[in-house]
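Raw contents of input.cif, mmCIF, C-alpha atoms:
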```cif
data_coords
#
loop_
_atom_site.group_PDB
_atom_site.id
_atom_site.type_symbol
_atom_site.label_atom_id
_atom_site.label_comp_id
_atom_site.auth_asym_id
_atom_site.auth_seq_id
_atom_site.Cartn_x
_atom_site.Cartn_y
_atom_site.Cartn_z
ATOM 1 C CA MET J 589 122.746 -89.734 36.806
ATOM 2 C CA SER J 590 124.298 -93.101 37.383
ATOM 3 C CA LEU J 591 128.046 -93.482 37.543
ATOM 4 C CA GLN J 592 129.795 -96.778 36.898
ATOM 5 C CA LEU J 593 132.821 -97.790 38.955
ATOM 6 C CA GLN J 594 135.469 -100.194 37.727
ATOM 7 C CA PRO J 595 138.083 -101.524 40.159
ATOM 8 C CA VAL J 596 141.682 -101.096 38.921
ATOM 9 C CA GLN J 597 145.160 -100.824 40.348
ATOM 10 C CA VAL J 598 146.972 -97.544 39.678
ATOM 11 C CA ALA J 599 150.745 -97.115 39.733
ATOM 12 C CA THR J 600 150.929 -93.940 41.801
ATOM 13 C CA GLY J 601 154.549 -94.495 42.792
ATOM 14 C CA SER J 602 153.352 -95.200 46.332
ATOM 15 C CA ASP J 603 151.395 -97.832 48.245
ATOM 16 C CA ASP J 604 148.167 -96.133 47.107
ATOM 17 C CA ALA J 605 147.111 -98.616 44.432
ATOM 18 C CA GLU J 606 143.495 -99.741 44.962
ATOM 19 C CA SER J 607 141.480 -97.535 42.643
ATOM 20 C CA ARG J 608 138.265 -97.013 40.738
ATOM 21 C CA LEU J 609 137.795 -95.734 37.234
ATOM 22 C CA VAL J 610 134.601 -93.683 37.292
ATOM 23 C CA TYR J 611 132.510 -93.653 34.128
ATOM 24 C CA ASP J 612 129.540 -91.483 33.278
ATOM 25 C CA ASP J 613 127.547 -93.054 30.472
ATOM 26 C CA GLY J 614 130.627 -94.855 29.168
ATOM 27 C CA LEU J 615 132.947 -91.855 29.402
ATOM 28 C CA LEU J 616 135.811 -91.837 31.897
ATOM 29 C CA VAL J 617 135.333 -88.826 34.190
ATOM 30 C CA ALA J 618 137.541 -89.569 37.200
ATOM 31 C CA VAL J 619 140.098 -91.832 38.824
ATOM 32 C CA LEU J 620 139.677 -92.386 42.565
ATOM 33 C CA VAL J 621 142.499 -93.871 44.627
ATOM 34 C CA ARG J 622 142.137 -95.324 48.111
ATOM 35 C CA LEU J 623 144.770 -93.871 50.433
ATOM 36 C CA SER J 624 147.022 -96.455 52.070
ATOM 37 C CA GLY J 625 148.188 -96.631 55.672
ATOM 38 C CA ASP J 626 151.001 -94.217 54.736
ATOM 39 C CA HIS J 627 148.552 -91.312 55.010
ATOM 40 C CA GLY J 628 147.896 -91.416 58.758
ATOM 41 C CA ALA J 629 144.486 -89.999 59.596
ATOM 42 C CA ASP J 630 143.510 -90.012 55.905
ATOM 43 C CA ALA J 631 144.189 -93.744 55.437
ATOM 44 C CA GLY J 632 141.193 -95.460 53.854
ATOM 45 C CA LYS J 633 139.794 -92.274 52.352
ATOM 46 C CA TRP J 634 139.345 -91.889 48.616
ATOM 47 C CA TYR J 635 141.358 -89.278 46.763
ATOM 48 C CA LEU J 636 140.505 -87.645 43.433
ATOM 49 C CA GLU J 637 143.673 -88.739 41.657
ATOM 50 C CA ALA J 638 142.431 -87.337 38.364
ATOM 51 C CA GLY J 639 139.287 -85.671 37.170
ATOM 52 C CA PHE J 640 138.409 -84.921 33.568
ATOM 53 C CA GLY J 641 136.441 -82.030 32.138
ATOM 54 C CA PRO J 642 134.281 -80.451 34.852
ATOM 55 C CA VAL J 643 135.554 -82.999 37.397
ATOM 56 C CA ASP J 644 139.095 -81.618 37.159
ATOM 57 C CA ASP J 645 140.029 -79.675 40.292
ATOM 58 C CA PRO J 646 143.283 -77.849 41.102
ATOM 59 C CA HIS J 647 142.617 -78.573 44.785
ATOM 60 C CA PRO J 648 141.694 -82.292 44.551
ATOM 61 C CA PRO J 649 139.471 -83.397 47.445
ATOM 62 C CA THR J 650 139.498 -86.568 49.541
ATOM 63 C CA PHE J 651 136.285 -88.368 50.462
ATOM 64 C CA ALA J 652 135.331 -90.500 53.452
ATOM 65 C CA ASP J 653 133.851 -93.200 51.189
ATOM 66 C CA LEU J 654 132.890 -93.958 47.605
ATOM 67 C CA HIS J 655 129.327 -92.709 48.090
ATOM 68 C CA GLU J 656 130.580 -89.296 49.081
ATOM 69 C CA ALA J 657 132.999 -89.322 46.141
ATOM 70 C CA GLN J 658 130.238 -90.214 43.656
ATOM 71 C CA ASP J 659 127.922 -87.525 45.042
ATOM 72 C CA TRP J 660 130.638 -84.937 44.580
ATOM 73 C CA ILE J 661 131.506 -86.110 41.045
ATOM 74 C CA ALA J 662 127.819 -86.093 40.091
ATOM 75 C CA ARG J 663 127.502 -82.501 41.301
ATOM 76 C CA GLN J 664 130.465 -81.442 39.153
ATOM 77 C CA LEU J 665 128.828 -83.055 36.128
ATOM 78 C CA GLU J 666 125.499 -81.281 36.574
ATOM 79 C CA PRO J 667 124.916 -78.724 33.823
ATOM 80 C CA GLN J 668 125.774 -75.236 35.084
ATOM 81 C CA SER J 669 122.627 -73.131 35.404
ATOM 82 C CA MET P 1489 167.697 -79.731 66.789
ATOM 83 C CA HIS P 1490 169.430 -77.704 69.475
ATOM 84 C CA GLN P 1491 171.247 -74.682 68.217
ATOM 85 C CA SER P 1492 172.293 -71.544 69.955
ATOM 86 C CA LEU P 1493 170.767 -68.401 68.565
ATOM 87 C CA PRO P 1494 173.013 -66.273 66.409
ATOM 88 C CA THR P 1495 174.900 -63.752 68.492
ATOM 89 C CA ARG P 1496 174.310 -60.960 66.006
ATOM 90 C CA SER P 1497 171.061 -59.790 64.535
ATOM 91 C CA PRO P 1498 169.921 -62.044 61.681
ATOM 92 C CA LEU P 1499 169.414 -58.921 59.574
ATOM 93 C CA VAL P 1500 173.100 -58.038 59.971
ATOM 94 C CA ARG P 1501 174.126 -61.584 59.105
ATOM 95 C CA LYS P 1502 171.943 -61.534 56.006
ATOM 96 C CA LEU P 1503 172.938 -58.074 54.736
ATOM 97 C CA GLU P 1504 176.641 -58.782 55.277
ATOM 98 C CA ARG P 1505 176.339 -61.414 52.566
ATOM 99 C CA PHE P 1506 175.331 -58.661 50.161
ATOM 100 C CA THR P 1507 177.806 -55.938 51.052
ATOM 101 C CA SER P 1508 180.487 -54.919 53.566
ATOM 102 C CA LEU P 1509 179.057 -53.110 56.583
ATOM 103 C CA SER P 1510 180.956 -50.747 58.891
ATOM 104 C CA GLU P 1511 180.669 -50.858 62.676
ATOM 105 C CA ALA P 1512 178.334 -47.846 62.452
ATOM 106 C CA ASP P 1513 176.176 -49.663 59.882
ATOM 107 C CA ARG P 1514 175.974 -52.714 62.106
ATOM 108 C CA ALA P 1515 175.098 -50.653 65.164
ATOM 109 C CA ALA P 1516 172.315 -48.905 63.254
ATOM 110 C CA LEU P 1517 170.872 -52.271 62.203
ATOM 111 C CA GLU P 1518 171.139 -53.803 65.673
ATOM 112 C CA GLY P 1519 169.048 -50.956 67.063
ATOM 113 C CA ILE P 1520 166.431 -51.058 64.339
ATOM 114 C CA GLY P 1521 164.044 -53.381 66.161
ATOM 115 C CA SER P 1522 162.907 -51.320 69.117
ATOM 116 C CA HIS P 1523 159.239 -52.387 68.977
ATOM 117 C CA VAL P 1524 159.521 -56.141 69.288
ATOM 118 C CA GLU P 1525 156.459 -58.349 69.471
ATOM 119 C CA ASN P 1526 156.041 -62.067 70.177
ATOM 120 C CA VAL P 1527 153.509 -63.617 67.831
ATOM 121 C CA PRO P 1528 152.169 -67.175 68.308
ATOM 122 C CA ALA P 1529 152.200 -69.741 65.529
ATOM 123 C CA HIS P 1530 149.443 -69.684 62.891
ATOM 124 C CA ARG P 1531 148.557 -66.016 63.219
ATOM 125 C CA ASP P 1532 148.521 -63.254 60.658
ATOM 126 C CA LEU P 1533 151.231 -60.620 60.998
ATOM 127 C CA VAL P 1534 149.594 -58.807 58.130
ATOM 128 C CA THR P 1535 146.156 -59.445 56.635
ATOM 129 C CA GLU P 1536 145.238 -58.584 53.058
ATOM 130 C CA GLY P 1537 143.277 -55.345 53.008
ATOM 131 C CA ASP P 1538 144.888 -53.952 56.166
ATOM 132 C CA ARG P 1539 146.442 -50.509 56.299
ATOM 133 C CA PRO P 1540 150.213 -51.029 56.510
ATOM 134 C CA ARG P 1541 151.454 -50.660 60.099
ATOM 135 C CA GLY P 1542 155.150 -50.593 59.226
ATOM 136 C CA VAL P 1543 157.768 -52.981 57.954
ATOM 137 C CA PRO P 1544 157.972 -56.275 59.857
ATOM 138 C CA LEU P 1545 161.444 -57.687 60.431
ATOM 139 C CA LEU P 1546 161.503 -61.323 61.464
ATOM 140 C CA LEU P 1547 163.944 -61.935 64.334
ATOM 141 C CA GLU P 1548 162.963 -65.501 65.252
ATOM 142 C CA GLY P 1549 160.606 -68.105 63.830
ATOM 143 C CA MET P 1550 159.342 -68.600 60.324
ATOM 144 C CA ALA P 1551 156.546 -66.844 58.447
ATOM 145 C CA TYR P 1552 155.086 -66.817 54.953
ATOM 146 C CA ARG P 1553 153.336 -64.602 52.437
ATOM 147 C CA TYR P 1554 150.077 -65.922 51.031
ATOM 148 C CA LYS P 1555 146.877 -65.241 49.163
ATOM 149 C CA VAL P 1556 143.640 -67.126 49.653
ATOM 150 C CA ARG P 1557 140.702 -67.803 47.343
ATOM 151 C CA ALA P 1558 137.032 -67.459 48.321
ATOM 152 C CA ASN P 1559 136.814 -71.277 48.561
ATOM 153 C CA GLY P 1560 139.648 -71.349 51.080
ATOM 154 C CA ALA P 1561 142.353 -72.594 48.688
ATOM 155 C CA ARG P 1562 145.592 -70.895 49.586
ATOM 156 C CA GLN P 1563 148.853 -70.266 47.755
ATOM 157 C CA ILE P 1564 151.976 -69.472 49.725
ATOM 158 C CA SER P 1565 154.314 -67.294 47.669
ATOM 159 C CA ALA P 1566 157.300 -66.696 49.960
ATOM 160 C CA TYR P 1567 158.888 -67.847 53.197
ATOM 161 C CA LEU P 1568 160.315 -65.345 55.668
ATOM 162 C CA VAL P 1569 163.194 -66.608 57.778
ATOM 163 C CA PRO P 1570 164.981 -64.599 60.489
ATOM 164 C CA GLY P 1571 166.551 -61.510 58.946
ATOM 165 C CA ASP P 1572 163.836 -61.226 56.291
ATOM 166 C CA MET P 1573 161.545 -58.220 56.137
ATOM 167 C CA GLY P 1574 158.208 -57.210 54.702
ATOM 168 C CA ASP P 1575 158.065 -54.849 51.755
ATOM 169 C CA LEU P 1576 160.333 -51.854 52.361
ATOM 170 C CA ASP P 1577 158.144 -49.427 50.435
ATOM 171 C CA VAL P 1578 154.872 -50.440 52.054
ATOM 172 C CA ALA P 1579 154.335 -46.819 53.116
ATOM 173 C CA LEU P 1580 153.623 -45.973 49.464
ATOM 174 C CA ILE P 1581 150.439 -48.046 49.403
ATOM 175 C CA ASN P 1582 147.149 -47.673 51.268
ATOM 176 C CA ARG P 1583 146.144 -51.312 51.686
ATOM 177 C CA VAL P 1584 148.285 -54.445 51.669
ATOM 178 C CA ASP P 1585 147.538 -56.832 48.812
ATOM 179 C CA HIS P 1586 148.503 -60.111 50.475
ATOM 180 C CA SER P 1587 148.733 -61.616 53.934
ATOM 181 C CA VAL P 1588 151.693 -62.719 56.034
ATOM 182 C CA GLY P 1589 151.167 -65.584 58.487
ATOM 183 C CA THR P 1590 153.388 -67.361 61.015
ATOM 184 C CA PHE P 1591 154.363 -71.034 60.781
ATOM 185 C CA SER P 1592 155.853 -71.018 64.264
ATOM 186 C CA PRO P 1593 156.022 -68.639 67.224
ATOM 187 C CA CYS P 1594 157.816 -65.561 65.921
ATOM 188 C CA ARG P 1595 159.624 -62.540 67.305
ATOM 189 C CA VAL P 1596 158.925 -59.614 65.057
ATOM 190 C CA ALA P 1597 160.296 -56.082 65.103
ATOM 191 C CA TRP P 1598 158.026 -53.484 63.533
ATOM 192 C CA ILE P 1599 160.050 -50.782 61.832
ATOM 193 C CA LYS P 1600 158.588 -47.386 61.054
ATOM 194 C CA PRO P 1601 158.990 -46.484 57.392
ATOM 195 C CA GLU P 1602 160.544 -43.138 58.371
ATOM 196 C CA THR P 1603 163.147 -44.926 60.539
ATOM 197 C CA LEU P 1604 164.017 -47.120 57.597
ATOM 198 C CA ALA P 1605 164.252 -44.091 55.301
ATOM 199 C CA ASP P 1606 166.565 -42.280 57.767
ATOM 200 C CA ILE P 1607 168.865 -45.284 58.065
ATOM 201 C CA GLN P 1608 169.069 -45.688 54.316
ATOM 202 C CA ARG P 1609 169.885 -42.005 53.889
ATOM 203 C CA GLU P 1610 172.620 -42.048 56.532
ATOM 204 C CA HIS P 1611 174.088 -45.470 55.686
ATOM 205 C CA SER P 1612 174.629 -46.015 51.971
ATOM 206 C CA ALA P 1613 175.902 -49.566 52.462
ATOM 207 C CA ILE P 1614 172.677 -50.507 54.260
ATOM 208 C CA ALA P 1615 170.611 -48.889 51.526
ATOM 209 C CA ARG P 1616 172.532 -50.879 48.942
ATOM 210 C CA ALA P 1617 172.181 -54.152 50.849
ATOM 211 C CA LEU P 1618 168.446 -53.643 51.387
ATOM 212 C CA ARG P 1619 167.978 -53.026 47.668
ATOM 213 C CA ILE P 1620 169.855 -56.236 46.902
ATOM 214 C CA GLY P 1621 167.546 -57.945 49.414
ATOM 215 C CA THR P 1622 164.529 -56.710 47.469
ATOM 216 C CA LEU P 1623 166.053 -58.001 44.223
ATOM 217 C CA VAL P 1624 166.610 -61.370 45.880
ATOM 218 C CA ASP P 1625 162.967 -61.466 47.050
ATOM 219 C CA GLU P 1626 161.840 -60.873 43.465
ATOM 220 C CA ALA P 1627 164.308 -63.410 42.061
ATOM 221 C CA THR P 1628 163.121 -65.968 44.617
ATOM 222 C CA LEU P 1629 159.520 -65.395 43.569
ATOM 223 C CA ARG P 1630 160.528 -66.065 39.943
ATOM 224 C CA GLU P 1631 162.262 -69.252 41.035
ATOM 225 C CA TRP P 1632 159.163 -70.346 42.964
ATOM 226 C CA LEU P 1633 156.998 -69.631 39.922
ATOM 227 C CA LEU P 1634 159.232 -71.932 37.899
ATOM 228 C CA ASN P 1635 158.969 -74.476 40.699
ATOM 229 C CA VAL P 1636 155.170 -74.498 40.799
ATOM 230 C CA GLY P 1637 154.714 -74.316 37.045
ATOM 231 C CA ARG P 1638 157.429 -76.519 35.641
ATOM 232 C CA ARG P 1639 158.851 -78.931 38.181
ATOM 233 C CA SER P 1640 157.515 -82.338 39.251
ATOM 234 C CA SER P 1641 156.177 -82.921 42.763
ATOM 235 C CA LYS P 1642 159.430 -84.408 44.000
ATOM 236 C CA GLU P 1643 161.550 -81.730 42.341
ATOM 237 C CA ARG P 1644 159.470 -78.943 43.910
ATOM 238 C CA LEU P 1645 160.117 -80.223 47.420
ATOM 239 C CA ALA P 1646 163.778 -80.903 46.634
ATOM 240 C CA HIS P 1647 164.158 -77.326 45.423
ATOM 241 C CA LEU P 1648 162.420 -75.817 48.421
ATOM 242 C CA PHE P 1649 164.525 -77.873 50.859
ATOM 243 C CA SER P 1650 167.750 -76.942 49.032
ATOM 244 C CA GLU P 1651 166.874 -73.250 49.121
ATOM 245 C CA LEU P 1652 165.936 -73.277 52.815
ATOM 246 C CA LEU P 1653 169.197 -75.005 53.708
ATOM 247 C CA LEU P 1654 171.210 -72.109 52.255
ATOM 248 C CA ARG P 1655 168.973 -69.335 53.578
ATOM 249 C CA LEU P 1656 168.952 -70.767 57.095
ATOM 250 C CA GLN P 1657 172.721 -71.349 57.036
ATOM 251 C CA VAL P 1658 173.211 -67.636 56.332
ATOM 252 C CA VAL P 1659 171.525 -66.754 59.629
ATOM 253 C CA GLY P 1660 173.076 -69.611 61.581
ATOM 254 C CA LEU P 1661 169.909 -71.711 61.842
ATOM 255 C CA ALA P 1662 171.018 -74.748 59.862
ATOM 256 C CA THR P 1663 173.914 -77.150 60.166
ATOM 257 C CA GLU P 1664 175.678 -78.292 56.999
ATOM 258 C CA ASN P 1665 172.700 -80.519 56.200
ATOM 259 C CA SER P 1666 169.922 -80.102 58.767
ATOM 260 C CA TYR P 1667 167.384 -77.600 60.069
ATOM 261 C CA ALA P 1668 164.028 -77.269 61.803
ATOM 262 C CA LEU P 1669 161.091 -77.386 59.413
ATOM 263 C CA PRO P 1670 158.156 -75.824 61.277
ATOM 264 C CA MET P 1671 155.506 -76.305 58.594
ATOM 265 C CA GLY P 1672 153.321 -79.375 58.114
ATOM 266 C CA GLN P 1673 152.373 -81.243 54.951
ATOM 267 C CA ALA P 1674 149.294 -79.107 54.285
ATOM 268 C CA GLU P 1675 151.468 -75.993 54.397
ATOM 269 C CA LEU P 1676 154.096 -77.588 52.136
ATOM 270 C CA ALA P 1677 151.212 -78.410 49.787
ATOM 271 C CA ASP P 1678 150.063 -74.775 49.771
ATOM 272 C CA THR P 1679 153.655 -73.723 49.094
ATOM 273 C CA THR P 1680 154.279 -76.055 46.185
ATOM 274 C CA GLY P 1681 150.816 -75.994 44.625
ATOM 275 C CA MET P 1682 150.222 -79.679 45.279
ATOM 276 C CA SER P 1683 147.731 -81.679 47.331
ATOM 277 C CA SER P 1684 148.734 -82.988 50.773
ATOM 278 C CA VAL P 1685 148.476 -86.477 49.301
ATOM 279 C CA HIS P 1686 151.112 -85.702 46.671
ATOM 280 C CA VAL P 1687 153.339 -83.995 49.238
ATOM 281 C CA ASN P 1688 153.146 -87.087 51.430
ATOM 282 C CA ARG P 1689 153.941 -89.412 48.533
ATOM 283 C CA SER P 1690 156.835 -87.239 47.363
ATOM 284 C CA LEU P 1691 158.309 -87.008 50.868
ATOM 285 C CA MET P 1692 158.167 -90.792 51.095
ATOM 286 C CA GLU P 1693 159.893 -91.121 47.740
ATOM 287 C CA LEU P 1694 162.648 -88.717 48.787
ATOM 288 C CA ARG P 1695 163.086 -90.748 51.966
ATOM 289 C CA ARG P 1696 163.098 -94.051 50.122
ATOM 290 C CA GLU P 1697 165.785 -92.760 47.778
ATOM 291 C CA GLY P 1698 167.955 -91.871 50.763
ATOM 292 C CA LEU P 1699 167.891 -88.119 50.048
ATOM 293 C CA ILE P 1700 166.176 -86.860 53.199
ATOM 294 C CA ALA P 1701 165.184 -87.906 56.700
ATOM 295 C CA LEU P 1702 162.339 -86.179 58.486
ATOM 296 C CA THR P 1703 162.152 -86.837 62.210
ATOM 297 C CA GLY P 1704 159.581 -84.791 64.047
ATOM 298 C CA ARG P 1705 160.061 -81.335 62.647
ATOM 299 C CA THR P 1706 163.758 -81.699 61.818
ATOM 300 C CA LEU P 1707 164.757 -82.163 58.205
ATOM 301 C CA THR P 1708 168.103 -83.775 57.491
ATOM 302 C CA ILE P 1709 169.319 -83.776 53.917
ATOM 303 C CA LEU P 1710 171.262 -87.023 53.671
ATOM 304 C CA ASP P 1711 172.765 -86.275 50.256
ATOM 305 C CA VAL P 1712 172.927 -82.524 49.609
ATOM 306 C CA PRO P 1713 174.516 -82.695 46.118
ATOM 307 C CA ALA P 1714 171.998 -85.321 44.969
ATOM 308 C CA LEU P 1715 169.008 -83.341 46.271
ATOM 309 C CA LYS P 1716 170.265 -80.176 44.558
ATOM 310 C CA ALA P 1717 170.897 -82.093 41.337
ATOM 311 C CA LEU P 1718 167.372 -83.540 41.411
ATOM 312 C CA ALA P 1719 165.917 -80.020 41.711
ATOM 313 C CA GLU P 1720 168.419 -78.428 39.287
ATOM 314 C CA PHE P 1721 169.048 -76.065 42.173
ATOM 315 C CA LYS P 1722 171.328 -73.149 41.301
ATOM 316 C CA ALA P 1723 171.908 -70.699 44.142
ATOM 317 C CA ASN P 1724 172.619 -67.759 41.810
ATOM 318 C CA TYR P 1725 169.243 -66.113 42.482
ATOM 319 C CA LEU P 1726 170.013 -65.761 46.189
ATOM 320 C CA HIS P 1727 173.021 -63.533 45.388
ATOM 321 C CA LEU P 1728 174.884 -64.625 48.493
ATOM 322 C CA GLU P 1729 178.298 -63.745 47.139
ATOM 323 C CA GLU P 1730 177.793 -60.117 46.165
ATOM 324 C CA ARG P 1731 180.169 -58.637 48.742
ATOM 325 C CA GLY P 1732 182.986 -58.092 46.291
ATOM 326 C CA ALA P 1733 180.798 -56.416 43.675
ATOM 327 C CA ALA P 1734 181.214 -52.681 43.292
#
```

Go through the file and emit its structure as structure tokens.
Amino acid sequence: MSLQLQPVQVATGSDDAESRLVYDDGLLVAVLVRLSGDHGADAGKWYLEAGFGPVDDPHPPTFADLHEAQDWIARQLEPQS
Amino acid sequence: MHQSLPTRSPLVRKLERFTSLSEADRAALEGIGSHVENVPAHRDLVTEGDRPRGVPLLLEGMAYRYKVRANGARQISAYLVPGDMGDLDVALINRVDHSVGTFSPCRVAWIKPETLADIQREHSAIARALRIGTLVDEATLREWLLNVGRRSSKERLAHLFSELLLRLQVVGLATENSYALPMGQAELADTTGMSSVHVNRSLMELRREGLIALTGRTLTILDVPALKALAEFKANYLHLEERGAA
């Protein structure tokens, strides 16, 4: 699986704006937002601002970097055995 | 925040908001906590699946009821402040169905169910006040359900902070607009069903709008009417003015 990332700015109502739309084969599956300096130890991490379909999570995770985020999203999209 | 501890038992202070107590009633309540235990922060007072060991009465500190999923996700469903108790009728069940943890170091009195039953039999006003307390616990749970299900991130925190202000004032642990908030953002997140990220953003918004100030672990509500209005906070469910009711 290959995910495509598109840089965007998201109006989160905070300083967390730098974001990526994550597409899987042309379909939007997630929005990742980079946490600003307001988040202390989590600053610079990527947060699952929104996930769609199987990527939705009531306990949205944060990731150290975009690779980790993409690995996690890819796992959610794998067909359930 | 430096505040002297209430001179009377927090349970007396709380129950006197529900009904008038005689000197004998008060004396019975003051003596209720003979087995007092000091519990550090972040410990379980009660763990789901345990056999009930009695009814915990919180004398100092703050605790919370919670349930946890297999993946570690946790939902906090109630806060216990001084004067609050565990379930009165816990002796009727074999295993507890949820856990109770401490946010801060707590002093806890463990009350034997038979002691509680004796007191309620001999003191009708206490029995009445304890039953009102149980109704308030249930009403608070309904209010929290509304909070988690139907309020925005900012409104959820505004509601929680408004409620705590009143509940802590009853037991003399809040000024007119300020109190110690022992829980961190992750715990606020587990209380309000949000992520820590959203809690952090919402706290910053509330600060930016001049509604709250959070310094260390002290919360100051800078505009109490505005915070309550934001949350549509109505104190009716706490039934703090029942004393006159027959």

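Neighbours of Ser624 in chain J closer than or equal to 12 Å, with all atoms listed in the file counted and sequence neighbours fewer than 4 positions away skipped, come out as Thr600, Ser602, Asp603, Asp604, Ala605, Glu606, Ser607, Gly628, Ala629, Asp630, Ala631, Gly632, Lys633, Trp634 and Tyr635 of chain J; Val1685, Asn1688 and Arg1689 of chain P.
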
Q) Would you list which chain J residues are within 8 Å of chain P using all atoms listed in the file, as a list in words? A) Gly601, Ser602, His627, His647 and Pro648 of chain J

Kindly resolve the PyMOL selection byres ((chain P and resi 1496-1504) around 8) on the present coordinates and return the residues as a short mmCIF file (atom, residue, chain, number, x, y, z; two decimals) with C-alpha atoms, in the frame of the given file.
```cif
data_model
loop_
_atom_site.label_atom_id
_atom_site.label_comp_id
_atom_site.auth_asym_id
_atom_site.auth_seq_id
_atom_site.Cartn_x
_atom_site.Cartn_y
_atom_site.Cartn_z
CA PRO P 1494 173.01 -66.27 66.41
CA THR P 1495 174.90 -63.75 68.49
CA ARG P 1505 176.34 -61.41 52.57
CA PHE P 1506 175.33 -58.66 50.16
CA THR P 1507 177.81 -55.94 51.05
CA SER P 1508 180.49 -54.92 53.57
CA LEU P 1509 179.06 -53.11 56.58
CA ARG P 1514 175.97 -52.71 62.11
CA LEU P 1517 170.87 -52.27 62.20
CA GLU P 1518 171.14 -53.80 65.67
CA LEU P 1547 163.94 -61.94 64.33
CA PRO P 1570 164.98 -64.60 60.49
CA GLY P 1571 166.55 -61.51 58.95
CA ASP P 1572 163.84 -61.23 56.29
CA ILE P 1614 172.68 -50.51 54.26
CA ALA P 1617 172.18 -54.15 50.85
CA LEU P 1618 168.45 -53.64 51.39
CA GLY P 1621 167.55 -57.94 49.41
CA VAL P 1658 173.21 -67.64 56.33
CA VAL P 1659 171.52 -66.75 59.63
CA ARG P 1731 180.17 -58.64 48.74
#
```

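Distance-wise, CA of Ala1558 in chain P and CA of Val617 in chain J end up 25.7 Å apart.
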
Q | Contacts of Leu654 in chain J at 10 Å (all atoms listed in the file; same-chain gap of 2+ positions) as an MDAnalysis selection string | A | chainID J and resid 593 608 620 622 633:635 651:652 656:660

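The shortest atom-to-atom distance to Val1588 in chain P, with all atoms listed in the file taken into account, belongs to P:Asp1532 out of P:Asp1532, P:Glu1511, P:Glu1626, P:Glu1548.
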
Any idea what's packed within 10 Å of Tyr1725 in chain P, counting only C-alpha atoms, ignoring anything in its chain fewer than 5 positions away? Could you give it as a PDB file with C-alpha atoms, in the frame of the given file?
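File produced: part.pdb:
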```
ATOM      1  CA  LEU P1623     166.053 -58.001  44.223  1.00  0.00           C
ATOM      2  CA  VAL P1624     166.610 -61.370  45.880  1.00  0.00           C
ATOM      3  CA  ASP P1625     162.967 -61.466  47.050  1.00  0.00           C
ATOM      4  CA  GLU P1626     161.840 -60.873  43.465  1.00  0.00           C
ATOM      5  CA  ALA P1627     164.308 -63.410  42.061  1.00  0.00           C
ATOM      6  CA  THR P1628     163.121 -65.968  44.617  1.00  0.00           C
ATOM      7  CA  LEU P1629     159.520 -65.395  43.569  1.00  0.00           C
ATOM      8  CA  ARG P1630     160.528 -66.065  39.943  1.00  0.00           C
ATOM      9  CA  GLU P1631     162.262 -69.252  41.035  1.00  0.00           C
TER      10      GLU P1631
END
```

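Taking CA of Ala1597 in chain P and CA of Glu1536 in chain P as endpoints, the distance between them is 19.4 Å.
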
Q) What do you get, as a VMD selection string, if you spell out every residue that the PyMOL selection byres ((chain P and resi 1546) around 12) selects here? A) chain P and resid 1497 to 1499 1502 1520 to 1521 1523 to 1527 1533 1543 to 1545 1547 to 1552 1567 to 1574 1588 to 1590 1592 to 1599 1659

Q: Return as a ChimeraX atom specification the set of residues that the PyMOL selection byres ((chain P and resi 1699) around 7) yields on the displayed structure.
A: /P:1694-1695,1697-1698,1700,1709-1711,1715

Q: Using CA of Glu1675 in chain P and CA of Tyr1554 in chain P as the two end points, give the distance in Å to one decimal.
A: 10.7 Å

Q.
Here is a test: counting only C-alpha atoms, which residue of P:Phe1649, P:Glu1664, P:Ser1565, P:Leu1669 is nearest to Thr1706 in chain P?
A. P:Leu1669

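The shortest atom-to-atom distance to Thr1535 in chain P, with all atoms listed in the file taken into account, belongs to P:Val1584 out of P:Leu1645, P:Leu1634, P:Val1584, P:Leu1653.
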
Q: Choose the residue, out of P:Arg1541, P:Lys1716, P:Lys1642, P:Arg1705, that has the smallest atom-to-atom separation from Ala1668 in chain P; count all atoms listed in the file.
A: P:Arg1705

Q: Choose the residue, out of P:Arg1619, P:Arg1638, P:Arg1539, P:Arg1644, that has the smallest atom-to-atom separation from Arg1583 in chain P; count only C-alpha atoms.
A: P:Arg1539

So for range 1512-1522 of chain P, what box centre and size do we get, axis-aligned, 5 Å extra on each of the six sides, every listed atom, Å to one decimal, as AutoDock Vina command-line options?
```
--center_x 170.6 --center_y -50.8 --center_z 64.5 --size_x 25.4 --size_y 16.0 --size_z 19.2
```

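Nearest to Arg1553 in chain P of all the residues P:Leu1633, P:Ser1641, P:Ser1612, P:Thr1679 is P:Thr1679, counting all atoms listed in the file.
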
Q | Shell of 9 Å around Ala1723 in chain P, only C-alpha atoms, local chain residues under 4 positions omitted, as an MDAnalysis selection string | A | chainID P and resid 1650:1651 1654 1727:1728

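Shell of Leu665 in chain J at 9 Å, with only C-alpha atoms counted and residues fewer than 6 places along the chain excluded, is J:Asp612, J:Val617, J:Gly641, J:Pro642, J:Val643.
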